[in-house]
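Chemist: Have a look at the structure that comes next, please.
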Amino acid sequence: SKAAAAEQRSRGQNAVVSVQCSTTPPVELEACSGTRDWYPEEFRLQRWLYEKFRATARATGFEEYDAPVLERQELYKRKAGEEITQQMYAFVDQDGVEVTLRPEMTPTLARMVLGRAQSMMLPLKWFSIPQCWRFETTQRGRKREHYQWNMDIIGCKSVSAETELLFAVCEFFKSIGITSADVGIKVNSRKVMASVLDSYGITAEKFAPVCIVMDKLDKIGADAVKAELVDTQGLPAETAAKIVECLACKTVSDLEALCGEGADQTGIDELKRLFELAEDYGYGDWLIFDASVVRGLAYYTGIVFEGFDRAGELRAICGGGRYDRLLSLYGAVTEVPACGFGFGDCVIVELLKDKGLLPELPKSIEFVVAAFNEGMQGKAMKAASMIRAGGSDVDMLLEPKKKVASTFDYANRIGARYIVFVAPQEWENDMVRIKDLRADYTDKDEEKQLDVKLSDLGRV
Ligand SMILES: OCc1cccc(Br)n1
């Protein structure tokens, strides 16, 4: 408004045209409930995070893939009582197809691999940073979308695959300044848990739904888990008590002792092998065995793990495991070994805030090109194109300012390192004047500005 512009002028600033909005706008200006807008300042941090994800993925030989956020509901039809499948952002589209916004990425990955089964050379090491959705009831005030870095290895049956994934997780943490003093990774095996529970009479088809209840231990406590095992899984109270007891095992050997006579040793051997390989890989200090970790997805079949903050103030930072029967569930004629993890964009940012590790990411650009007046605008644009042709980033001042001070204001506001002034006097000599804004010089120290030949602009 005129008053706002006058007010700004009185503060020694030229009117920076800004937007004014009615106090009763005709449309809702907030993003949909549970979703986030990413304004440039916030998106600089989000992009920084994605670049750290991608750098780790690249460093460990993973290839990026992507897929539509819209999937058919059938991909997630699992009856184990998982929260993730009970909160799908699902609808029937105009063709009458039962679709949903994807709640996770792993089923999409499995679909894509099977979609081109013949041409897939295993092992595959693929990653993606998909936005995933859930329809949370608003009163829980939780988010309905997040971006989740997914890393998966398809086609490797040995625990080398899980060891590789855990290396990537630790490398990522280290790349953003998080150490093994801040974060640990709890490791367990559903294969061993299945063996123990089998000895308690829990059949294979009951195992996944029982795992979904066991996974709630941190959230609802031992008594509530026992009650739910009895009420929803129909287990005898003493069986429920024994199950909760085994979650408290502190070592692999303790858990091994609970496996029935003659139980298959494979799961135990895999756990021990993983801890050995992690030592060789140099991140053994990040790992801790924890029999209570089973993760909340029905399809895990072997090693499972989750990253946690050692201060115990945050929810799980990331999690994953082996899922050897998912691809055969979708049609593979044999079991295809697979394992992976998901790493959400929310808890990690809370952790970085807690640790004072959020990076400073000011808006910045190398050059701003400013015309002396409207008459020089075309020549200024020519200069800008020449500097850009040399590979430098240039912000072109679209409407020349009346005062030089306003040009400096604009340059500072966009974080420009250099101002390129395009004025008649220098132009007559095929020159432009470049001022270095980062230098702490005073006006009389002319050396911090340079008259540069137009022919040299591609090399500034
Ligand atoms: O971690 C479960 C999940 C799935 C989709 C969206 C969000 Br937010 N959270």
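Residues are referred to by chain and number: the chain letter is A, B, ... according to the order shown in the structure tokens, the number counts from 1 in that chain, and ligands are numbered separately from 1 in the order shown.
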Show me which residues line ligand 1, defined as having an atom within 6 Å of a ligand atom where only C-alpha atoms and all ligand atoms count, and present them as a PDB file with C-alpha atoms, in the first residue's frame.
Modeler:
```pdb
ATOM      1  CA  PRO A 103       1.876 -45.069   2.170  1.00  0.00           C
ATOM      2  CA  CYS A 132       4.547 -40.986   1.201  1.00  0.00           C
ATOM      3  CA  TRP A 133       1.062 -40.428   2.588  1.00  0.00           C
ATOM      4  CA  ARG A 134      -1.263 -41.528   5.370  1.00  0.00           C
ATOM      5  CA  LYS A 143       1.556 -35.071   9.506  1.00  0.00           C
ATOM      6  CA  ARG A 144      -0.087 -36.805   6.595  1.00  0.00           C
ATOM      7  CA  GLU A 145       2.911 -36.782   4.316  1.00  0.00           C
ATOM      8  CA  HIS A 146       6.643 -37.112   4.592  1.00  0.00           C
TER       9      HIS A 146
END
```
Chemist: Would you kindly return, as a VMD selection string, each protein, DNA or RNA residue with an atom no farther than 12 Å from any atom of Phe275 in chain A, considering only C-alpha atoms and excluding same-chain residues fewer than 6 positions away?
Modeler: chain A and resid 159 to 160 162 to 163 166 to 167 185 to 188 251 to 252 268 to 269 281 to 289 303
Chemist: Could the residues in this selection be saved with N, CA and C atoms as a tab-separated table (two decimals), in the first residue's frame?
Modeler:
```tsv
chain	number	residue	atom	x	y	z
A	159	VAL	N	23.77	-61.70	4.62
A	159	VAL	CA	23.66	-60.50	5.48
A	159	VAL	C	24.64	-59.42	5.04
A	160	SER	N	25.42	-59.69	4.04
A	160	SER	CA	26.25	-58.61	3.47
A	160	SER	C	25.35	-57.47	3.02
A	162	GLU	N	22.35	-56.49	4.32
A	162	GLU	CA	21.96	-55.67	5.48
A	162	GLU	C	23.15	-54.87	6.00
A	163	THR	N	24.34	-55.50	5.94
A	163	THR	CA	25.54	-54.80	6.42
A	163	THR	C	25.83	-53.58	5.56
A	166	LEU	N	23.34	-50.83	6.39
A	166	LEU	CA	23.67	-50.18	7.67
A	166	LEU	C	24.90	-49.30	7.54
A	167	PHE	N	25.82	-49.70	6.66
A	167	PHE	CA	26.98	-48.82	6.38
A	167	PHE	C	26.47	-47.49	5.83
A	185	ILE	N	21.94	-47.91	16.40
A	185	ILE	CA	21.02	-48.67	15.54
A	185	ILE	C	20.74	-50.02	16.21
A	186	LYS	N	19.48	-50.19	16.61
A	186	LYS	CA	19.09	-51.45	17.25
A	186	LYS	C	18.89	-52.49	16.16
A	187	VAL	N	19.43	-53.70	16.41
A	187	VAL	CA	19.35	-54.78	15.43
A	187	VAL	C	18.76	-56.02	16.08
A	188	ASN	N	17.88	-56.69	15.34
A	188	ASN	CA	17.29	-57.93	15.80
A	188	ASN	C	17.01	-58.81	14.59
A	251	THR	N	20.99	-60.10	25.04
A	251	THR	CA	22.04	-60.54	24.12
A	251	THR	C	21.49	-61.57	23.14
A	252	VAL	N	22.22	-61.76	22.04
A	252	VAL	CA	21.84	-62.76	21.05
A	252	VAL	C	21.82	-64.14	21.72
A	268	ILE	N	20.27	-67.05	14.09
A	268	ILE	CA	21.29	-66.66	15.08
A	268	ILE	C	22.63	-66.41	14.37
A	269	ASP	N	22.97	-67.33	13.47
A	269	ASP	CA	24.25	-67.20	12.75
A	269	ASP	C	24.29	-65.89	11.95
A	281	TYR	N	33.60	-53.36	8.91
A	281	TYR	CA	33.21	-52.19	8.11
A	281	TYR	C	33.46	-50.89	8.88
A	282	GLY	N	33.77	-51.03	10.19
A	282	GLY	CA	34.15	-49.83	10.96
A	282	GLY	C	33.00	-49.12	11.63
A	283	TYR	N	31.80	-49.72	11.70
A	283	TYR	CA	30.70	-49.03	12.37
A	283	TYR	C	30.06	-49.91	13.45
A	284	GLY	N	30.83	-50.85	13.97
A	284	GLY	CA	30.30	-51.73	15.02
A	284	GLY	C	29.78	-50.96	16.24
A	285	ASP	N	30.42	-49.80	16.50
A	285	ASP	CA	30.02	-49.02	17.70
A	285	ASP	C	28.64	-48.38	17.53
A	286	TRP	N	28.10	-48.37	16.34
A	286	TRP	CA	26.76	-47.82	16.11
A	286	TRP	C	25.68	-48.87	16.43
A	287	LEU	N	26.05	-50.15	16.46
A	287	LEU	CA	25.03	-51.21	16.54
A	287	LEU	C	24.83	-51.71	17.96
A	288	ILE	N	23.58	-52.06	18.24
A	288	ILE	CA	23.26	-52.70	19.52
A	288	ILE	C	22.18	-53.74	19.27
A	289	PHE	N	22.37	-54.95	19.84
A	289	PHE	CA	21.31	-55.96	19.72
A	289	PHE	C	20.14	-55.54	20.60
A	303	ILE	N	16.59	-60.12	9.39
A	303	ILE	CA	17.19	-59.02	10.16
A	303	ILE	C	16.27	-57.80	10.07
```
Chemist: Using the chain letters and numbers from this document, which residues of range 183-307 of chain A does DSSP assign to strand (DSSP E or B), as a list in words?
Modeler: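 Answer for range 183-307 of chain A restricted to strand (DSSP E or B) is Val183, Gly184, Ile185, Lys186, Val187, Asn188, Ser189, Leu287, Ile288, Phe289, Ile303, Val304, Phe305, Glu306 and Gly307 of chain A.
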Chemist: Do a neighbour search on Phe127 in chain A at 12 Å with only C-alpha atoms, toss out local chain neighbours closer than 2 positions, and write the hits as a ChimeraX atom specification.
Modeler: /A:50,53-58,60-67,105-106,108-109,124-125,129-130,148-154,165,168,339-343
Chemist: As a PyMOL selection string, please: every residue in range 141-244 of chain A that a backbone DSSP assignment puts in alpha helix (DSSP H).
Modeler: chain A and resi 160-175+190-199+204-214+217-233+237-244
Chemist: When distances are computed from only C-alpha atoms, which of A:Gln86, A:Ser392, A:Ser292, A:Ser128 shows the smallest separation from Glu245 in chain A?
Modeler: A:Ser292
